[in-house]
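Peer 1: This is entry19.pdb, which holds PDB, C-alpha atoms, pLDDT in the B column:
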```
ATOM      1  CA  MET A   1       0.000   0.000   0.000  1.00 90.00           C
ATOM      2  CA  SER A   2       1.374   3.393  -0.922  1.00 97.00           C
ATOM      3  CA  PHE A   3       0.406   6.754   0.514  1.00 98.00           C
ATOM      4  CA  THR A   4       0.337  10.393  -0.441  1.00 98.00           C
ATOM      5  CA  LEU A   5       1.771  12.588   2.317  1.00 98.00           C
ATOM      6  CA  ILE A   6       0.317  16.068   2.764  1.00 98.00           C
ATOM      7  CA  THR A   7       1.881  18.468   5.266  1.00 98.00           C
ATOM      8  CA  GLY A   8      -0.190  21.360   6.548  1.00 97.00           C
ATOM      9  CA  ALA A   9      -3.314  19.321   5.833  1.00 98.00           C
ATOM     10  CA  SER A  10      -5.590  20.713   8.533  1.00 97.00           C
ATOM     11  CA  SER A  11      -6.812  23.811   6.687  1.00 96.00           C
ATOM     12  CA  GLY A  12      -6.775  25.849   3.509  1.00 95.00           C
ATOM     13  CA  ILE A  13      -4.985  24.488   0.461  1.00 96.00           C
ATOM     14  CA  GLY A  14      -3.658  21.456   2.355  1.00 97.00           C
ATOM     15  CA  LYS A  15      -7.134  20.388   3.408  1.00 98.00           C
ATOM     16  CA  ALA A  16      -8.427  20.832  -0.147  1.00 98.00           C
ATOM     17  CA  ILE A  17      -5.507  18.786  -1.498  1.00 98.00           C
ATOM     18  CA  ALA A  18      -6.266  16.000   0.987  1.00 98.00           C
ATOM     19  CA  TYR A  19      -9.921  15.781  -0.030  1.00 98.00           C
ATOM     20  CA  ASN A  20      -9.077  15.906  -3.738  1.00 98.00           C
ATOM     21  CA  PHE A  21      -6.447  13.180  -3.531  1.00 98.00           C
ATOM     22  CA  ALA A  22      -8.787  11.028  -1.431  1.00 98.00           C
ATOM     23  CA  ALA A  23     -11.573  11.513  -3.995  1.00 98.00           C
ATOM     24  CA  ALA A  24      -9.131  10.234  -6.624  1.00 98.00           C
ATOM     25  CA  GLY A  25      -8.577   7.070  -4.543  1.00 98.00           C
ATOM     26  CA  HIS A  26      -5.250   7.833  -2.862  1.00 98.00           C
ATOM     27  CA  ASP A  27      -4.522   6.596   0.648  1.00 98.00           C
ATOM     28  CA  LEU A  28      -3.232   9.499   2.718  1.00 98.00           C
ATOM     29  CA  ILE A  29      -0.894  10.478   5.490  1.00 98.00           C
ATOM     30  CA  ILE A  30      -1.960  13.895   6.715  1.00 98.00           C
ATOM     31  CA  THR A  31       0.074  15.983   9.084  1.00 98.00           C
ATOM     32  CA  ALA A  32      -0.399  19.284  10.881  1.00 98.00           C
ATOM     33  CA  ARG A  33      -0.133  20.745  14.374  1.00 96.00           C
ATOM     34  CA  ARG A  34      -3.747  20.175  15.451  1.00 96.00           C
ATOM     35  CA  SER A  35      -4.424  16.501  16.164  1.00 96.00           C
ATOM     36  CA  ASN A  36      -8.127  17.066  16.820  1.00 97.00           C
ATOM     37  CA  VAL A  37      -8.607  18.516  13.322  1.00 98.00           C
ATOM     38  CA  LEU A  38      -6.590  15.698  11.764  1.00 98.00           C
ATOM     39  CA  ASP A  39      -8.692  13.101  13.600  1.00 98.00           C
ATOM     40  CA  GLU A  40     -11.920  14.713  12.344  1.00 98.00           C
ATOM     41  CA  MET A  41     -10.577  14.815   8.802  1.00 98.00           C
ATOM     42  CA  LYS A  42      -9.523  11.162   9.000  1.00 98.00           C
ATOM     43  CA  LYS A  43     -13.032  10.054   9.955  1.00 98.00           C
ATOM     44  CA  ASP A  44     -14.649  12.247   7.335  1.00 98.00           C
ATOM     45  CA  ILE A  45     -12.319  11.296   4.475  1.00 98.00           C
ATOM     46  CA  GLU A  46     -12.398   7.584   5.234  1.00 98.00           C
ATOM     47  CA  GLY A  47     -16.189   7.695   5.456  1.00 98.00           C
ATOM     48  CA  LYS A  48     -16.685   9.665   2.239  1.00 98.00           C
ATOM     49  CA  HIS A  49     -13.978   8.174   0.049  1.00 98.00           C
ATOM     50  CA  GLY A  50     -13.192   4.714   1.439  1.00 97.00           C
ATOM     51  CA  VAL A  51      -9.433   5.323   1.522  1.00 98.00           C
ATOM     52  CA  LYS A  52      -7.035   4.752   4.398  1.00 98.00           C
ATOM     53  CA  VAL A  53      -5.891   7.858   6.255  1.00 98.00           C
ATOM     54  CA  GLU A  54      -3.001   7.969   8.717  1.00 98.00           C
ATOM     55  CA  THR A  55      -2.457  11.072  10.856  1.00 98.00           C
ATOM     56  CA  ILE A  56       0.769  12.419  12.305  1.00 98.00           C
ATOM     57  CA  THR A  57       0.716  15.486  14.517  1.00 98.00           C
ATOM     58  CA  SER A  58       3.802  17.634  14.025  1.00 97.00           C
ATOM     59  CA  ASP A  59       4.868  21.256  14.263  1.00 97.00           C
ATOM     60  CA  LEU A  60       7.230  21.544  11.312  1.00 98.00           C
ATOM     61  CA  SER A  61       8.350  25.027  12.317  1.00 96.00           C
ATOM     62  CA  VAL A  62      10.723  23.146  14.635  1.00 96.00           C
ATOM     63  CA  GLU A  63      13.632  21.666  12.661  1.00 96.00           C
ATOM     64  CA  GLU A  64      13.917  18.485  14.729  1.00 97.00           C
ATOM     65  CA  ASN A  65      10.271  17.704  13.987  1.00 98.00           C
ATOM     66  CA  ALA A  66      10.965  17.558  10.247  1.00 98.00           C
ATOM     67  CA  TYR A  67      13.555  14.844  10.859  1.00 98.00           C
ATOM     68  CA  LYS A  68      11.242  13.025  13.287  1.00 98.00           C
ATOM     69  CA  LEU A  69       8.368  13.151  10.798  1.00 98.00           C
ATOM     70  CA  TYR A  70      10.575  11.681   8.109  1.00 98.00           C
ATOM     71  CA  ASP A  71      11.708   8.906  10.475  1.00 98.00           C
ATOM     72  CA  ASP A  72       8.050   8.183  11.300  1.00 97.00           C
ATOM     73  CA  LEU A  73       7.322   7.870   7.560  1.00 97.00           C
ATOM     74  CA  LYS A  74       9.911   5.130   6.988  1.00 96.00           C
ATOM     75  CA  LYS A  75       7.324   2.424   7.730  1.00 97.00           C
ATOM     76  CA  PHE A  76       5.212   3.637   4.787  1.00 98.00           C
ATOM     77  CA  GLU A  77       5.698   3.637   1.034  1.00 97.00           C
ATOM     78  CA  ILE A  78       5.199   7.264  -0.042  1.00 98.00           C
ATOM     79  CA  GLU A  79       4.097   7.634  -3.673  1.00 98.00           C
ATOM     80  CA  ALA A  80       3.832  11.412  -3.405  1.00 98.00           C
ATOM     81  CA  MET A  81       5.039  13.992  -0.901  1.00 98.00           C
ATOM     82  CA  ILE A  82       3.183  17.283  -0.916  1.00 98.00           C
ATOM     83  CA  ASN A  83       4.969  19.906   1.163  1.00 98.00           C
ATOM     84  CA  ASN A  84       2.188  22.359   1.824  1.00 97.00           C
ATOM     85  CA  ALA A  85       2.806  23.412   5.443  1.00 97.00           C
ATOM     86  CA  GLY A  86       3.506  27.107   5.690  1.00 94.00           C
ATOM     87  CA  PHE A  87       2.204  30.451   6.836  1.00 93.00           C
ATOM     88  CA  GLY A  88       2.599  34.096   6.062  1.00 91.00           C
ATOM     89  CA  ASN A  89       2.475  37.525   7.600  1.00 88.00           C
ATOM     90  CA  PHE A  90       1.217  40.620   5.894  1.00 87.00           C
ATOM     91  CA  ASN A  91       2.593  43.400   8.064  1.00 87.00           C
ATOM     92  CA  ASN A  92       5.326  45.918   7.418  1.00 85.00           C
ATOM     93  CA  LEU A  93       8.716  44.423   8.192  1.00 84.00           C
ATOM     94  CA  TRP A  94       9.259  46.702  11.187  1.00 88.00           C
ATOM     95  CA  GLU A  95       5.959  45.499  12.680  1.00 90.00           C
ATOM     96  CA  VAL A  96       6.809  41.786  12.581  1.00 88.00           C
ATOM     97  CA  ASP A  97       8.006  40.044  15.714  1.00 91.00           C
ATOM     98  CA  VAL A  98      11.487  38.602  14.992  1.00 93.00           C
ATOM     99  CA  PRO A  99      10.847  35.150  16.576  1.00 95.00           C
ATOM    100  CA  PHE A 100       7.631  34.906  14.529  1.00 94.00           C
ATOM    101  CA  MET A 101       9.569  35.713  11.350  1.00 94.00           C
ATOM    102  CA  ILE A 102      12.214  33.084  12.200  1.00 95.00           C
ATOM    103  CA  LYS A 103       9.459  30.511  12.760  1.00 96.00           C
ATOM    104  CA  MET A 104       8.069  31.316   9.287  1.00 96.00           C
ATOM    105  CA  ILE A 105      11.489  30.810   7.701  1.00 97.00           C
ATOM    106  CA  GLU A 106      11.990  27.568   9.642  1.00 97.00           C
ATOM    107  CA  LEU A 107       8.683  26.195   8.354  1.00 97.00           C
ATOM    108  CA  ASN A 108       8.427  27.635   4.844  1.00 97.00           C
ATOM    109  CA  VAL A 109      12.084  27.079   3.907  1.00 97.00           C
ATOM    110  CA  LYS A 110      14.022  24.844   6.266  1.00 98.00           C
ATOM    111  CA  SER A 111      11.555  22.030   6.947  1.00 98.00           C
ATOM    112  CA  LEU A 112      10.431  21.981   3.317  1.00 98.00           C
ATOM    113  CA  SER A 113      14.075  21.607   2.249  1.00 98.00           C
ATOM    114  CA  ILE A 114      14.816  18.883   4.778  1.00 98.00           C
ATOM    115  CA  LEU A 115      11.773  16.832   3.805  1.00 98.00           C
ATOM    116  CA  SER A 116      12.392  17.347   0.077  1.00 98.00           C
ATOM    117  CA  MET A 117      16.042  16.293   0.299  1.00 98.00           C
ATOM    118  CA  LEU A 118      15.373  13.218   2.403  1.00 98.00           C
ATOM    119  CA  TYR A 119      12.496  12.136   0.167  1.00 98.00           C
ATOM    120  CA  THR A 120      14.380  12.567  -3.097  1.00 97.00           C
ATOM    121  CA  LYS A 121      17.368  10.657  -1.696  1.00 97.00           C
ATOM    122  CA  ASP A 122      15.181   7.714  -0.663  1.00 97.00           C
ATOM    123  CA  TYR A 123      12.853   7.727  -3.679  1.00 97.00           C
ATOM    124  CA  LYS A 124      15.113   8.829  -6.550  1.00 95.00           C
ATOM    125  CA  ASP A 125      14.951   5.393  -8.177  1.00 96.00           C
ATOM    126  CA  LYS A 126      11.251   4.769  -7.529  1.00 96.00           C
ATOM    127  CA  LYS A 127       8.051   5.957  -9.122  1.00 95.00           C
ATOM    128  CA  ALA A 128       7.413   8.891  -6.812  1.00 96.00           C
ATOM    129  CA  GLN A 129       6.400  12.522  -6.952  1.00 97.00           C
ATOM    130  CA  LEU A 130       7.424  15.583  -4.944  1.00 97.00           C
ATOM    131  CA  ILE A 131       5.165  18.640  -4.925  1.00 97.00           C
ATOM    132  CA  ASN A 132       6.208  21.766  -3.031  1.00 97.00           C
ATOM    133  CA  VAL A 133       3.402  24.278  -2.675  1.00 96.00           C
ATOM    134  CA  ALA A 134       4.618  27.818  -3.322  1.00 94.00           C
ATOM    135  CA  SER A 135       2.570  30.935  -3.954  1.00 90.00           C
ATOM    136  CA  VAL A 136       2.070  33.587  -6.573  1.00 85.00           C
ATOM    137  CA  GLY A 137       3.701  35.740  -3.890  1.00 82.00           C
ATOM    138  CA  GLY A 138       6.950  33.965  -4.716  1.00 80.00           C
ATOM    139  CA  TYR A 139       6.981  35.755  -8.061  1.00 84.00           C
ATOM    140  CA  MET A 140       6.416  39.305  -6.840  1.00 83.00           C
ATOM    141  CA  THR A 141       7.414  41.757  -4.178  1.00 86.00           C
ATOM    142  CA  MET A 142       5.005  42.899  -1.515  1.00 84.00           C
ATOM    143  CA  PRO A 143       6.083  45.595   0.925  1.00 83.00           C
ATOM    144  CA  THR A 144       3.777  44.231   3.612  1.00 89.00           C
ATOM    145  CA  ALA A 145       4.856  40.602   3.245  1.00 90.00           C
ATOM    146  CA  ALA A 146       8.598  40.749   2.628  1.00 90.00           C
ATOM    147  CA  THR A 147       9.542  37.607   4.547  1.00 92.00           C
ATOM    148  CA  TYR A 148       6.601  35.589   3.240  1.00 93.00           C
ATOM    149  CA  VAL A 149       7.284  36.365  -0.427  1.00 93.00           C
ATOM    150  CA  ALA A 150      10.994  35.710   0.105  1.00 94.00           C
ATOM    151  CA  THR A 151      10.237  32.261   1.538  1.00 95.00           C
ATOM    152  CA  LYS A 152       7.843  31.482  -1.298  1.00 96.00           C
ATOM    153  CA  PHE A 153      10.386  32.672  -3.875  1.00 96.00           C
ATOM    154  CA  TYR A 154      12.760  30.181  -2.286  1.00 96.00           C
ATOM    155  CA  VAL A 155      10.181  27.393  -2.584  1.00 97.00           C
ATOM    156  CA  SER A 156       9.567  28.233  -6.253  1.00 95.00           C
ATOM    157  CA  ALA A 157      13.244  28.524  -7.167  1.00 95.00           C
ATOM    158  CA  TYR A 158      14.269  25.470  -5.142  1.00 95.00           C
ATOM    159  CA  THR A 159      11.546  23.297  -6.640  1.00 94.00           C
ATOM    160  CA  GLU A 160      11.944  24.463 -10.230  1.00 90.00           C
TER
END
```
Could you spell out this file's structure in structure tokens?
Peer 2:
Amino acid sequence: MSFTLITGASSGIGKAIAYNFAAAGHDLIITARRSNVLDEMKKDIEGKHGVKVETITSDLSVEENAYKLYDDLKKFEIEAMINNAGFGNFNNLWEVDVPFMIKMIELNVKSLSILSMLYTKDYKDKKAQLINVASVGGYMTMPTAATYVATKFYVSAYTE
């Protein structure tokens, strides 16, 4: 049995991706910070689409958690990894709390890179797919979202 992994699956684009892949018949591993939301999604998706859903609660804004998540995935065959976890901030740079900005960089850039590198090393000779979710913001400048667009530019450039 092979799975599609979706990080940041508890809301927004990640949640939509999870439901779309399940509707197409893919078994899923969904991960996010909120276990209660993941558990609700698991029940709903399995009930609606008849696929298997595994949940892993993880805060990927902490570097060690990216490595732990990848270790936890070793017992599964991953046909596709979708790195979707991320967040933004739309304030002027001087209004952003520095630790908050560092957390954004850790999640949007560092954990995505760690997971991508580990996955491509392990799956380079297998039929597998890596999808890193960027943003149109990665192709523009926005004075009120400087760090966010910089991280999404990284995701776009790194992936392409």
Peer 1: What would the selection look like, as a PyMOL selection string, if the PyMOL selection byres ((chain A and resi 135) around 9) were run on the coordinates I just shared?
Peer 2: chain A and resi 133-134+136-139+149+152-153+155-156
Peer 1: Any chance you could resolve the PyMOL selection byres ((chain A and resi 52-65) around 6) against this file and give the residues as a PyMOL selection string?
Peer 2: chain A and resi 27-33+35+42+51+66-69+103+106-107
Peer 1: Restricting the output to C-alpha atoms, write the selected residues as a PDB file, in the coordinates of the input.
Peer 2:
```pdb
ATOM      1  CA  ASP A  27      -4.522   6.596   0.648  1.00 98.00           C
ATOM      2  CA  LEU A  28      -3.232   9.499   2.718  1.00 98.00           C
ATOM      3  CA  ILE A  29      -0.894  10.478   5.490  1.00 98.00           C
ATOM      4  CA  ILE A  30      -1.960  13.895   6.715  1.00 98.00           C
ATOM      5  CA  THR A  31       0.074  15.983   9.084  1.00 98.00           C
ATOM      6  CA  ALA A  32      -0.399  19.284  10.881  1.00 98.00           C
ATOM      7  CA  ARG A  33      -0.133  20.745  14.374  1.00 96.00           C
ATOM      8  CA  SER A  35      -4.424  16.501  16.164  1.00 96.00           C
ATOM      9  CA  LYS A  42      -9.523  11.162   9.000  1.00 98.00           C
ATOM     10  CA  VAL A  51      -9.433   5.323   1.522  1.00 98.00           C
ATOM     11  CA  ALA A  66      10.965  17.558  10.247  1.00 98.00           C
ATOM     12  CA  TYR A  67      13.555  14.844  10.859  1.00 98.00           C
ATOM     13  CA  LYS A  68      11.242  13.025  13.287  1.00 98.00           C
ATOM     14  CA  LEU A  69       8.368  13.151  10.798  1.00 98.00           C
ATOM     15  CA  LYS A 103       9.459  30.511  12.760  1.00 96.00           C
ATOM     16  CA  GLU A 106      11.990  27.568   9.642  1.00 97.00           C
ATOM     17  CA  LEU A 107       8.683  26.195   8.354  1.00 97.00           C
TER      18      LEU A 107
END
```
Peer 1: Box for stretch 45-59 of chain A - axis-aligned, 8 Å on each of the six sides, all listed atoms - centre and size in Å to one decimal, as AutoDock Vina command-line options.
Peer 2:
```
--center_x -5.9 --center_y 13.0 --center_z 7.3 --size_x 37.6 --size_y 32.5 --size_z 30.5
```
Peer 1: Nearest residue to A:Asp44 out of A:Ala146, A:Lys15, A:Ala24, A:Val98, using only C-alpha atoms?
Peer 2: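 Of all the options, A:Lys15 lies closest to A:Asp44.
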Peer 1: Measure the distance from atom CA of A:Met104 to atom CA of A:Thr4 in Å and round it to one decimal.
Peer 2: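 The value is 24.3 Å.
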Peer 1: Residues picked by the PyMOL selection byres ((chain A and resi 129) around 9) here, as a list of chain:residue names?
Peer 2: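 Against this file, the PyMOL selection byres ((chain A and resi 129) around 9) returns the residues A:Ile78, A:Glu79, A:Ala80, A:Met81, A:Ile82, A:Thr120, A:Tyr123, A:Lys127, A:Ala128, A:Leu130, A:Ile131.
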Peer 1: Pick the closest to A:Thr141 from A:Phe3, A:Phe90, A:Tyr70, A:Phe21: which is it, counting only C-alpha atoms?
Peer 2: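 That would be A:Phe90, the residue with the smallest distance to A:Thr141.
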Peer 1: Have a look at atom CA of A:Gly14 and atom CA of A:Asn108 and let me know their distance in Å, one decimal.
Peer 2: 13.8 Å
Peer 1: I want to know what sits within 12 Å of A:Trp94, based on all atoms listed in the file, with residues of the same chain fewer than 6 positions away left out; could you give that as a JSON list (two decimals) with C-alpha atoms, keeping the file's coordinate frame?
Peer 2:
```json
[["chain", "number", "residue", "atom", "x", "y", "z"],
["A", 101, "MET", "CA", 9.57, 35.71, 11.35],
["A", 143, "PRO", "CA", 6.08, 45.60, 0.92],
["A", 144, "THR", "CA", 3.78, 44.23, 3.61],
["A", 145, "ALA", "CA", 4.86, 40.60, 3.24],
["A", 146, "ALA", "CA", 8.60, 40.75, 2.63],
["A", 147, "THR", "CA", 9.54, 37.61, 4.55]]
```
Peer 1: Which distance in Å separates atom CA of A:Phe87 and atom CA of A:Asn132, to one decimal?
Peer 2: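 Spanning atom CA of A:Phe87 to atom CA of A:Asn132 is a straight-line distance of 13.7 Å.
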Peer 1: So, with only C-alpha atoms as the atoms that count, which of A:Ser2, A:His49, A:Asn92, A:Arg34 lies closest to A:Asn20?
Peer 2: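 Closest to A:Asn20, using only C-alpha atoms: A:His49.
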Peer 1: Restricting the calculation to all atoms listed in the file: of A:Ala9, A:His26, A:Leu73, A:Leu93, which residue gets closest to A:Asp39?
Peer 2: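 Among the listed residues, the smallest separation from A:Asp39 belongs to A:Ala9.
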Peer 1: A:Ala150, A:Ile45, A:Leu38, A:Ala85: which is nearest A:Gly12, counting only C-alpha atoms?
Peer 2: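 That would be A:Ala85, the residue with the smallest distance to A:Gly12.
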Peer 1: Return the single residue from A:Ile6, A:Asp122, A:Ile102, A:Ile13 that is closest to A:Lys74, with distances computed using all atoms listed in the file.
Peer 2: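 Of the candidates, the smallest distance to A:Lys74 is held by A:Asp122.
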